[in-house]
$ cat entry31.cif   # mmCIF, C-alpha atoms
data_run
loop_
_atom_site.label_atom_id
_atom_site.label_comp_id
_atom_site.auth_asym_id
_atom_site.auth_seq_id
_atom_site.Cartn_x
_atom_site.Cartn_y
_atom_site.Cartn_z
CA MET V 931 172.20 69.02 96.94
CA ASN V 932 174.71 68.45 94.13
CA SER V 933 177.28 67.11 96.58
CA VAL V 934 174.87 64.26 97.41
CA GLN V 935 172.83 63.63 94.27
CA PRO V 936 174.54 63.15 90.88
CA ILE V 937 173.78 65.80 88.26
CA PRO V 938 171.64 64.56 85.35
CA VAL V 939 173.15 64.99 81.88
CA VAL V 940 170.54 65.43 79.12
CA VAL V 941 171.57 65.09 75.46
CA LEU V 942 169.89 67.25 72.79
CA SER V 943 170.35 65.61 69.41
CA GLY V 944 169.04 66.31 65.91
CA PHE V 945 170.26 67.10 62.42
CA LEU V 946 171.48 70.51 61.31
CA GLY V 947 168.66 73.05 61.27
CA SER V 948 166.26 71.01 63.39
CA GLY V 949 166.18 73.74 66.05
CA LYS V 950 168.34 72.34 68.87
CA THR V 951 169.96 75.69 69.67
CA THR V 952 166.58 77.45 69.64
CA LEU V 953 165.22 74.84 72.04
CA LEU V 954 168.28 75.18 74.27
CA ASN V 955 167.92 78.95 74.38
CA HIS V 956 164.27 78.53 75.33
CA LEU V 957 165.24 76.21 78.21
CA LEU V 958 167.84 78.70 79.41
CA THR V 959 165.39 81.60 79.25
CA HIS V 960 162.70 79.71 81.19
CA ARG V 961 164.91 77.99 83.76
CA GLY V 962 163.77 79.98 86.82
CA GLY V 963 166.42 79.47 89.50
CA THR V 964 167.78 76.26 87.95
CA ARG V 965 171.53 76.30 87.31
CA ILE V 966 172.13 74.80 83.85
CA GLY V 967 175.57 73.77 82.66
CA VAL V 968 175.88 73.60 78.87
CA VAL V 969 178.24 71.65 76.63
CA VAL V 970 178.01 72.76 72.99
CA ASN V 971 179.51 70.28 70.53
CA ASP V 972 179.83 72.13 67.23
CA PHE V 973 180.88 70.59 63.94
CA GLY V 974 183.65 72.58 62.27
CA SER V 975 186.07 75.20 63.48
CA ILE V 976 183.66 78.18 63.75
CA GLU V 977 181.55 77.67 66.85
CA ILE V 978 178.42 79.53 65.80
CA ASP V 979 176.13 77.62 68.15
CA ALA V 980 178.44 78.32 71.09
CA MET V 981 178.34 82.04 70.41
CA SER V 982 174.55 82.06 70.22
CA VAL V 983 174.14 80.71 73.75
CA ALA V 984 177.27 82.15 75.37
CA GLY V 985 175.51 85.30 76.56
CA GLN V 986 173.01 83.27 78.57
CA VAL V 987 175.15 80.75 80.43
CA GLY V 988 178.38 82.63 81.06
CA ASP V 989 181.09 80.65 82.84
CA SER V 990 178.84 77.59 83.07
CA MET V 991 179.35 76.84 79.38
CA VAL V 992 182.13 74.86 77.77
CA SER V 993 182.41 74.25 74.05
CA LEU V 994 183.92 71.42 72.05
CA GLY V 995 185.02 72.59 68.61
CA GLY V 996 186.70 70.93 65.66
CA GLY V 997 184.46 67.93 65.15
CA CYS V 998 181.85 65.62 66.61
CA LEU V 999 182.23 64.62 70.21
CA CYS V 1000 181.26 61.05 69.29
CA CYS V 1001 184.23 60.88 66.91
CA ALA V 1002 186.77 61.41 69.71
CA VAL V 1003 189.22 58.60 70.33
CA ASP V 1004 187.94 58.23 73.86
CA GLY V 1005 185.66 60.04 76.28
CA SER V 1006 188.41 61.76 78.22
CA GLU V 1007 187.69 65.21 76.75
CA LEU V 1008 183.99 65.02 77.60
CA ASP V 1009 184.82 63.61 81.02
CA ALA V 1010 187.04 66.60 81.73
CA TYR V 1011 184.31 69.09 80.84
CA LEU V 1012 181.70 67.24 82.85
CA GLU V 1013 184.08 67.14 85.80
CA LYS V 1014 184.54 70.90 85.52
CA LEU V 1015 180.81 71.61 85.42
CA ALA V 1016 180.13 69.22 88.29
CA GLU V 1017 182.44 71.10 90.67
CA PRO V 1018 180.40 72.13 93.74
CA VAL V 1019 181.41 75.77 93.31
CA HIS V 1020 179.17 76.02 90.20
CA ARG V 1021 176.10 74.60 92.02
CA ILE V 1022 174.88 73.15 88.71
CA ASP V 1023 171.51 71.37 88.84
CA VAL V 1024 171.46 69.87 85.33
CA ILE V 1025 173.86 69.63 82.38
CA VAL V 1026 172.61 69.84 78.79
CA ILE V 1027 174.79 68.65 75.91
CA GLU V 1028 173.82 70.11 72.55
CA ALA V 1029 175.22 67.51 70.16
CA SER V 1030 176.58 68.35 66.75
CA GLY V 1031 174.03 68.05 63.95
CA LEU V 1032 176.19 65.26 62.54
CA ALA V 1033 176.73 63.43 65.80
CA GLU V 1034 175.79 59.81 66.46
CA PRO V 1035 173.52 60.03 69.53
CA GLN V 1036 173.95 56.37 70.37
CA GLU V 1037 177.69 56.83 70.74
CA MET V 1038 177.15 59.83 73.02
CA VAL V 1039 174.86 57.73 75.19
CA ARG V 1040 177.51 55.00 75.39
CA MET V 1041 180.10 57.54 76.53
CA LEU V 1042 177.83 58.94 79.23
CA VAL V 1043 176.79 55.53 80.52
CA ALA V 1044 180.46 54.51 80.71
CA ASN V 1045 181.42 57.74 82.51
CA GLU V 1046 182.87 56.88 85.93
CA ASN V 1047 182.36 60.28 87.54
CA PRO V 1048 179.92 59.72 90.46
CA ALA V 1049 178.94 63.40 90.37
CA VAL V 1050 177.04 63.04 87.07
CA ARG V 1051 174.56 60.60 85.59
CA TYR V 1052 172.97 60.10 82.18
CA GLY V 1053 169.56 61.80 82.07
CA GLY V 1054 168.06 60.87 78.71
CA LEU V 1055 168.31 61.50 74.96
CA VAL V 1056 166.03 64.09 73.33
CA GLN V 1057 165.87 63.92 69.53
CA VAL V 1058 164.75 67.16 67.83
CA VAL V 1059 163.04 66.76 64.43
CA ASP V 1060 162.24 69.48 61.86
CA ALA V 1061 158.61 68.93 60.85
CA ALA V 1062 158.92 71.09 57.72
CA GLU V 1063 161.98 69.18 56.47
CA PHE V 1064 161.18 65.70 57.78
CA ASP V 1065 161.03 63.92 54.41
CA ALA V 1066 164.03 65.78 53.01
CA THR V 1067 166.07 65.01 56.13
CA ARG V 1068 165.30 61.29 55.93
CA ALA V 1069 166.24 61.26 52.25
CA ALA V 1070 169.56 63.04 52.88
CA HIS V 1071 170.31 61.24 56.14
CA PRO V 1072 168.98 57.65 56.21
CA GLU V 1073 170.44 57.31 59.69
CA THR V 1074 167.50 59.43 60.89
CA ASP V 1075 165.54 56.23 61.40
CA ARG V 1076 168.27 54.80 63.63
CA HIS V 1077 168.47 58.01 65.66
CA LEU V 1078 164.73 58.02 66.30
CA ALA V 1079 164.91 54.39 67.40
CA VAL V 1080 167.26 55.21 70.31
CA ALA V 1081 165.55 58.45 71.46
CA ASP V 1082 163.93 58.63 74.88
CA LEU V 1083 161.83 61.66 73.88
CA VAL V 1084 161.15 63.11 70.41
CA VAL V 1085 160.44 66.82 69.94
CA LEU V 1086 158.70 67.55 66.63
CA ASN V 1087 159.79 71.14 66.12
CA LYS V 1088 158.52 73.78 63.66
CA THR V 1089 154.99 72.39 63.74
CA ASP V 1090 153.75 75.87 62.83
CA ARG V 1091 155.18 75.32 59.34
CA VAL V 1092 153.04 72.28 58.47
CA GLY V 1093 149.29 71.75 58.25
CA PRO V 1094 147.29 69.44 60.52
CA ALA V 1095 147.14 66.58 57.99
CA GLU V 1096 150.86 66.77 57.25
CA ARG V 1097 151.67 66.88 60.94
CA ALA V 1098 149.49 63.84 61.61
CA ARG V 1099 151.27 61.92 58.83
CA ILE V 1100 154.71 62.79 60.20
CA GLU V 1101 153.72 61.87 63.75
CA THR V 1102 152.47 58.49 62.50
CA GLU V 1103 155.76 57.83 60.70
CA ILE V 1104 157.82 58.86 63.73
CA ALA V 1105 155.75 56.58 65.97
CA ALA V 1106 156.54 53.68 63.62
CA LEU V 1107 160.27 54.50 63.57
CA ALA V 1108 160.75 55.15 67.30
CA ALA V 1109 160.70 52.47 69.95
CA PRO V 1110 157.22 51.54 71.20
CA GLY V 1111 155.93 54.01 73.77
CA THR V 1112 158.41 56.78 72.93
CA PRO V 1113 156.70 60.12 73.73
CA LEU V 1114 156.38 62.69 70.96
CA VAL V 1115 156.11 66.38 71.90
CA GLY V 1116 155.07 69.00 69.35
CA ALA V 1117 156.71 72.44 69.44
CA ASP V 1118 157.21 75.60 67.45
CA HIS V 1119 160.36 77.71 67.84
CA GLY V 1120 161.67 75.10 70.28
CA ARG V 1121 159.17 76.04 72.98
CA ILE V 1122 158.68 73.09 75.31
CA ASP V 1123 158.21 73.09 79.05
CA SER V 1124 161.57 72.69 80.78
CA GLU V 1125 159.82 70.59 83.45
CA LEU V 1126 159.68 67.79 80.87
CA LEU V 1127 163.46 67.47 81.11
CA PHE V 1128 164.46 68.72 84.57
CA ASP V 1129 163.18 70.34 87.75
CA ARG V 1130 162.79 74.08 87.45
CA ARG V 1131 163.69 75.77 90.75
CA PRO V 1132 162.04 78.95 92.00
CA TRP V 1133 164.25 82.01 92.33
CA THR V 1134 163.93 81.91 96.12
CA GLN V 1135 166.11 78.77 96.12
CA THR V 1136 168.98 80.31 94.16
CA ARG V 1137 171.89 80.57 96.58
CA GLY V 1138 175.00 82.72 96.60
CA GLN V 1139 175.89 85.72 94.49
CA LEU V 1140 173.81 85.96 91.33
CA SER V 1141 175.57 86.23 88.00
CA PHE V 1142 174.66 88.95 85.51
CA GLU V 1143 172.53 86.57 83.45
CA ASP V 1144 170.71 85.46 86.63
CA LEU V 1145 169.73 89.05 87.37
CA LEU V 1146 168.52 89.63 83.80
CA ALA V 1147 166.44 86.46 83.82
CA GLU V 1148 165.02 87.28 87.26
CA ALA V 1149 163.96 90.71 86.03
CA GLY V 1150 162.24 89.09 83.08
CA GLU V 1151 160.41 86.67 85.35
CA HIS V 1152 159.02 89.47 87.51
CA ALA V 1153 158.10 91.59 84.49
CA HIS V 1154 155.85 88.81 83.17
CA GLU V 1155 154.20 87.80 86.44
CA ASP V 1156 150.94 89.59 85.63
CA GLU V 1157 150.74 88.52 82.00
CA ASP V 1158 148.27 86.03 80.57
CA HIS V 1159 150.05 82.66 80.44
CA SER V 1160 147.40 80.89 78.35
CA GLY V 1161 149.75 80.64 75.38
CA HIS V 1162 152.81 79.43 77.29
CA ALA V 1163 154.22 75.96 76.81
CA HIS V 1164 153.40 74.72 80.29
CA THR V 1165 149.66 75.20 79.79
CA ALA V 1166 149.58 72.31 77.28
CA TYR V 1167 150.62 69.72 79.88
CA GLU V 1168 148.88 68.05 82.78
CA SER V 1169 150.35 67.05 86.11
CA VAL V 1170 149.24 64.18 88.34
CA SER V 1171 150.51 63.77 91.92
CA PHE V 1172 150.48 60.53 93.89
CA THR V 1173 151.32 60.19 97.58
CA THR V 1174 151.10 57.24 99.93
CA ASP V 1175 152.70 56.16 103.18
CA GLN V 1176 152.18 52.52 102.21
CA ALA V 1177 154.92 50.56 100.46
CA LEU V 1178 154.59 49.75 96.77
CA SER V 1179 154.97 46.34 95.17
CA PRO V 1180 158.14 46.52 93.03
CA ARG V 1181 156.75 44.10 90.46
CA ARG V 1182 153.44 45.86 90.05
CA PHE V 1183 155.13 49.28 89.96
CA VAL V 1184 157.57 48.20 87.23
CA ASP V 1185 154.66 46.75 85.26
CA PHE V 1186 152.93 50.12 85.62
CA LEU V 1187 156.04 51.94 84.34
CA ASP V 1188 156.58 49.52 81.46
CA GLY V 1189 153.00 50.11 80.32
CA ARG V 1190 152.96 53.90 80.72
CA PRO V 1191 151.26 55.72 77.84
CA ALA V 1192 153.23 57.63 75.19
CA GLY V 1193 151.66 60.89 76.37
CA LEU V 1194 153.33 60.55 79.77
CA TYR V 1195 156.51 62.54 79.25
CA ARG V 1196 158.08 62.67 82.69
CA ILE V 1197 157.96 60.98 86.09
CA LYS V 1198 159.86 62.25 89.12
CA GLY V 1199 159.84 61.61 92.84
CA PHE V 1200 160.76 58.73 95.12
CA VAL V 1201 159.37 55.33 96.08
CA TRP V 1202 159.42 53.13 99.14
CA PHE V 1203 159.28 49.38 98.50
CA GLY V 1204 160.12 48.11 101.99
CA VAL V 1205 161.37 44.75 100.68
CA PRO V 1206 163.82 43.07 103.10
CA GLY V 1207 167.34 44.02 102.07
CA HIS V 1208 166.03 46.94 99.99
CA GLN V 1209 164.74 49.43 102.54
CA GLU V 1210 166.32 52.45 100.80
CA ARG V 1211 164.61 55.48 99.36
CA TYR V 1212 164.42 54.91 95.58
CA GLU V 1213 164.47 58.14 93.60
CA VAL V 1214 162.67 57.83 90.25
CA HIS V 1215 163.71 59.77 87.15
CA ALA V 1216 161.99 59.22 83.79
CA VAL V 1217 162.26 61.34 80.64
CA GLY V 1218 160.26 59.71 77.89
CA ARG V 1219 161.31 56.08 77.65
CA PHE V 1220 164.41 56.64 79.77
CA LEU V 1221 163.97 55.33 83.30
CA ARG V 1222 166.31 55.25 86.26
CA PHE V 1223 166.14 54.41 89.97
CA ASP V 1224 168.69 55.85 92.37
CA PRO V 1225 168.67 54.20 95.82
CA GLY V 1226 169.81 56.30 98.74
CA PRO V 1227 169.37 56.71 102.50
CA TRP V 1228 166.33 58.27 104.09
CA GLY V 1229 166.79 61.55 105.87
CA ARG V 1230 166.88 61.54 109.64
CA GLY V 1231 163.28 61.40 110.81
CA GLU V 1232 161.96 61.32 107.24
CA PRO V 1233 158.73 59.29 107.08
CA ARG V 1234 158.71 56.29 104.75
CA GLY V 1235 156.46 56.65 101.74
CA THR V 1236 156.10 57.38 98.04
CA ARG V 1237 155.83 60.83 96.45
CA LEU V 1238 155.47 60.98 92.65
CA VAL V 1239 154.66 63.63 90.05
CA LEU V 1240 153.66 62.55 86.53
CA ILE V 1241 153.68 65.09 83.68
CA GLY V 1242 152.13 64.53 80.28
CA LYS V 1243 149.67 65.58 77.63
CA GLY V 1244 146.32 63.96 76.94
CA ILE V 1245 146.84 61.59 79.85
CA ASP V 1246 144.03 59.97 81.84
CA GLY V 1247 144.75 61.21 85.37
CA PRO V 1248 142.20 59.01 87.18
CA ALA V 1249 143.44 55.92 85.30
CA LEU V 1250 147.06 56.68 86.22
CA LEU V 1251 146.14 57.17 89.87
CA ALA V 1252 144.13 53.93 89.83
CA GLY V 1253 147.15 52.13 88.40
CA LEU V 1254 149.37 53.50 91.14
CA GLU V 1255 146.82 52.66 93.84
CA ALA V 1256 146.90 49.07 92.59
CA CYS V 1257 150.66 49.01 93.28
CA ARG V 1258 150.21 49.38 97.05
CA GLU V 1259 151.72 46.53 99.07
CA PRO V 1260 150.17 46.04 102.54
CA ASP V 1261 152.84 43.58 103.78
CA PRO V 1262 156.21 44.33 102.11
CA GLY V 1263 158.11 42.43 104.79
CA ARG V 1264 156.92 39.15 103.30
CA ALA V 1265 158.13 39.98 99.77
CA LEU V 1266 161.00 37.92 98.39
CA PRO V 1267 164.25 39.72 97.44
CA GLU V 1268 163.88 38.60 93.82
CA SER V 1269 160.76 40.75 93.55
CA MET V 1270 163.19 43.70 93.23
CA TRP V 1271 164.87 42.39 90.09
CA GLY V 1272 162.71 44.51 87.79
CA VAL V 1273 163.62 47.67 89.72
CA LEU V 1274 167.31 46.79 89.87
CA ARG V 1275 167.41 46.63 86.06
CA TYR V 1276 167.19 50.43 86.16
CA VAL V 1277 169.67 51.03 88.97
CA PRO V 1278 173.11 52.14 87.70
CA ARG V 1279 175.78 49.53 88.15
CA PRO V 1280 179.13 50.16 89.88
CA ALA V 1281 181.70 52.15 87.90
CA GLN V 1282 183.81 49.08 87.14
CA GLU V 1283 180.85 47.51 85.32
CA ALA V 1284 179.69 50.66 83.49
CA SER V 1285 181.98 50.27 80.49
CA SER V 1286 180.86 46.71 79.73
CA GLY V 1287 177.24 47.66 80.41
CA ALA V 1288 177.38 50.37 77.78
CA GLU V 1289 177.97 47.68 75.16
CA ASP V 1290 174.45 46.40 75.78
CA LEU V 1291 172.82 49.63 74.57
#
$ encode --input "entry31.cif" --output "structure tokens"
Amino acid sequence: MNSVQPIPVVVLSGFLGSGKTTLLNHLLTHRGGTRIGVVVNDFGSIEIDAMSVAGQVGDSMVSLGGGCLCCAVDGSELDAYLEKLAEPVHRIDVIVIEASGLAEPQEMVRMLVANENPAVRYGGLVQVVDAAEFDATRAAHPETDRHLAVADLVVLNKTDRVGPAERARIETEIAALAAPGTPLVGADHGRIDSELLFDRRPWTQTRGQLSFEDLLAEAGEHAHEDEDHSGHAHTAYESVSFTTDQALSPRRFVDFLDGRPAGLYRIKGFVWFGVPGHQERYEVHAVGRFLRFDPGPWGRGEPRGTRLVLIGKGIDGPALLAGLEACREPDPGRALPESMWGVLRYVPRPAQEASSGAEDL
């Protein structure tokens, strides 16, 4: 798979003490058969964060010490690490960058968008916020407001340390600081469902010789199979599936995506538009506000159609399905090529244009 589809690169950002490492460890522990590559960007010479996750990712982890990644003269160092993790021998499914607590997330996004390696692609920015220290963090770091404004998904961590009224106040302030429609996920001890960020593969799909950490995690999975999962993170989210063999109107579908509710955290799947000159299979990837279409060929004998999964909390499933039903296009062959312009906004441009495109962020 990785030799055909680029590997998504998800950035975990947040100030010191917000709980990024705890969240990352939770993702690694609940990854199923997903192969996660990790880049830990510590600030300072002692790589404490790297040591805390090293036992879980083994050779799939690289660490950048001695300063913020965003402060590098250029992106060559990051490019080299991403190139290493993207090597087919590692069979990595997703790469997570844990940014330094003093990093500028917008600069990291620029670097990833400008990356010319076709084996990887930017997969969204997740900003982790400490609920218990929200006011103190904003006072000490005024740039907090700017960081929230560029986030694709905000995780309000340590919600167990604040009361309902205080949490509601903080959520209201974050909603005002973040871009309109930015999803906000509450968490304690960094426990969020990994499906909100990437596809979690079952163990039966893990290929090749398992590493030691794979075997430990697999044993843990089997040991908990009979337990009550009512308190697990995934039980707080809802999933809506949409399938049709009819083409979708690109304009109506983009309007649907642009108006998606803040509680809709993730969209994945593929779409068929059938517009002349654009007969490809368009893979959809959305994490929070981040949205991307990746056109590619259909498999031999693969039927044309749309298959989507929408994951969120407090979402109106029937309303979402009704909105998608309204996107059906009975006669796509008559659509004009310019009807695809809205979709093409979210299709990555060729490598030679990526660097200039990053300036528009």
$ resolve_selection --input "entry31.cif" --expression "the PyMOL selection byres ((chain V and resi 1235-1251) around 8)" --output "PyMOL selection string"
chain V and resi 1126+1166-1178+1191+1193-1202+1233-1234+1252-1255
$ closest_residue --input "entry31.cif" --among "V:Arg1040, V:Arg1051, V:Arg1091, V:Arg1190" --to "Pro1278 in chain V" --atoms "only C-alpha atoms"
V:Arg1051
$ atom_distance --input "entry31.cif" --atom1 "CA of Glu1017 in chain V" --atom2 "CA of Asn1047 in chain V"
11.3 Å
$ atom_distance --input "entry31.cif" --atom1 "CA of Phe1128 in chain V" --atom2 "CA of Val1024 in chain V"
7.1 Å
$ atom_distance --input "entry31.cif" --atom1 "CA of Gln935 in chain V" --atom2 "CA of Lys1014 in chain V"
16.3 Å
$ resolve_selection --input "entry31.cif" --expression "the PyMOL selection byres ((chain V and resi 1082) around 6)" --output "PyMOL selection string"
chain V and resi 1055+1081+1083+1218-1220
$ resolve_selection --input "entry31.cif" --expression "the PyMOL selection byres ((chain V and resi 1029-1039) around 7)" --output "PyMOL selection string"
chain V and resi 941-946+970-973+998+1000+1027-1028+1040-1043+1077+1080
$ closest_residue --input "entry31.cif" --among "V:Pro1018, V:Val968, V:Glu1103, V:Glu1259" --to "Leu994 in chain V" --atoms "all atoms listed in the file"
V:Val968
$ residues_around --input "entry31.cif" --residues "Asp1090 in chain V" --least-positions-apart "6" --cutoff "12 Å" --atoms "only C-alpha atoms" --output "ChimeraX atom specification"
/V:1060-1062,1096-1097,1116-1121
$ axis_aligned_box --input "entry31.cif" --around "range 1065-1070 of chain V" --padding-each-side "3 Å" --output "lines of an AutoDock Vina configuration file"
center_x = 165.3
center_y = 63.5
center_z = 54.2
size_x = 14.5
size_y = 10.5
size_z = 9.9
$ closest_residue --input "entry31.cif" --among "V:Glu1210, V:Glu1101, V:Ile937, V:Gly949" --to "Arg1021 in chain V" --atoms "all atoms listed in the file"
V:Ile937
$ build_atoms --input "entry31.cif" --residues "range 1039-1049 of chain V" --atoms "all heavy atoms" --output "short mmCIF file (atom, residue, chain, number, x, y, z; two decimals), keeping the file's coordinate frame"
data_model
loop_
_atom_site.label_atom_id
_atom_site.label_comp_id
_atom_site.auth_asym_id
_atom_site.auth_seq_id
_atom_site.Cartn_x
_atom_site.Cartn_y
_atom_site.Cartn_z
N VAL V 1039 175.47 58.43 74.06
CA VAL V 1039 174.86 57.73 75.19
C VAL V 1039 175.83 56.71 75.78
O VAL V 1039 175.97 56.59 77.00
CB VAL V 1039 173.55 57.05 74.76
CG1 VAL V 1039 173.01 56.18 75.89
CG2 VAL V 1039 172.51 58.09 74.36
N ARG V 1040 176.52 55.98 74.91
CA ARG V 1040 177.51 55.00 75.39
C ARG V 1040 178.57 55.69 76.27
O ARG V 1040 178.95 55.19 77.32
CB ARG V 1040 178.20 54.33 74.21
CG ARG V 1040 177.36 53.36 73.42
CD ARG V 1040 178.18 52.77 72.28
NE ARG V 1040 177.38 52.02 71.34
CZ ARG V 1040 177.09 50.73 71.46
NH1 ARG V 1040 177.54 50.06 72.50
NH2 ARG V 1040 176.37 50.12 70.55
N MET V 1041 179.06 56.83 75.80
CA MET V 1041 180.10 57.54 76.53
C MET V 1041 179.61 57.99 77.90
O MET V 1041 180.33 57.91 78.90
CB MET V 1041 180.59 58.72 75.71
CG MET V 1041 181.33 58.32 74.44
SD MET V 1041 181.57 59.70 73.29
CE MET V 1041 182.64 60.74 74.26
N LEU V 1042 178.36 58.46 77.95
CA LEU V 1042 177.83 58.94 79.23
C LEU V 1042 177.55 57.80 80.19
O LEU V 1042 177.79 57.90 81.40
CB LEU V 1042 176.56 59.75 78.98
CG LEU V 1042 176.78 61.12 78.32
CD1 LEU V 1042 175.45 61.73 77.89
CD2 LEU V 1042 177.50 62.06 79.28
N VAL V 1043 177.06 56.69 79.66
CA VAL V 1043 176.79 55.53 80.52
C VAL V 1043 178.10 54.98 81.08
O VAL V 1043 178.17 54.52 82.22
CB VAL V 1043 176.04 54.44 79.73
CG1 VAL V 1043 175.95 53.15 80.54
CG2 VAL V 1043 174.62 54.92 79.40
N ALA V 1044 179.16 55.03 80.27
CA ALA V 1044 180.46 54.51 80.71
C ALA V 1044 181.23 55.49 81.58
O ALA V 1044 182.27 55.14 82.14
CB ALA V 1044 181.31 54.15 79.48
N ASN V 1045 180.73 56.73 81.71
CA ASN V 1045 181.42 57.74 82.51
C ASN V 1045 181.49 57.28 83.97
O ASN V 1045 180.49 56.86 84.55
CB ASN V 1045 180.68 59.07 82.41
CG ASN V 1045 181.43 60.20 83.07
OD1 ASN V 1045 181.51 60.27 84.29
ND2 ASN V 1045 181.98 61.09 82.27
N GLU V 1046 182.67 57.37 84.57
CA GLU V 1046 182.87 56.88 85.93
C GLU V 1046 182.81 57.98 86.98
O GLU V 1046 183.09 57.73 88.16
CB GLU V 1046 184.22 56.15 86.02
CG GLU V 1046 184.29 54.92 85.12
CD GLU V 1046 185.58 54.15 85.30
OE1 GLU V 1046 186.40 54.58 86.15
OE2 GLU V 1046 185.77 53.15 84.61
N ASN V 1047 182.45 59.18 86.58
CA ASN V 1047 182.36 60.28 87.54
C ASN V 1047 181.07 60.15 88.34
O ASN V 1047 179.97 60.26 87.78
CB ASN V 1047 182.37 61.62 86.79
CG ASN V 1047 182.41 62.81 87.73
OD1 ASN V 1047 182.23 62.68 88.93
ND2 ASN V 1047 182.65 63.99 87.17
N PRO V 1048 181.14 59.90 89.66
CA PRO V 1048 179.92 59.72 90.46
C PRO V 1048 179.10 60.99 90.62
O PRO V 1048 177.96 60.93 91.08
CB PRO V 1048 180.47 59.24 91.80
CG PRO V 1048 181.84 59.82 91.89
CD PRO V 1048 182.37 59.79 90.47
N ALA V 1049 179.65 62.13 90.21
CA ALA V 1049 178.94 63.40 90.37
C ALA V 1049 177.93 63.66 89.26
O ALA V 1049 177.13 64.58 89.36
CB ALA V 1049 179.92 64.56 90.44
#
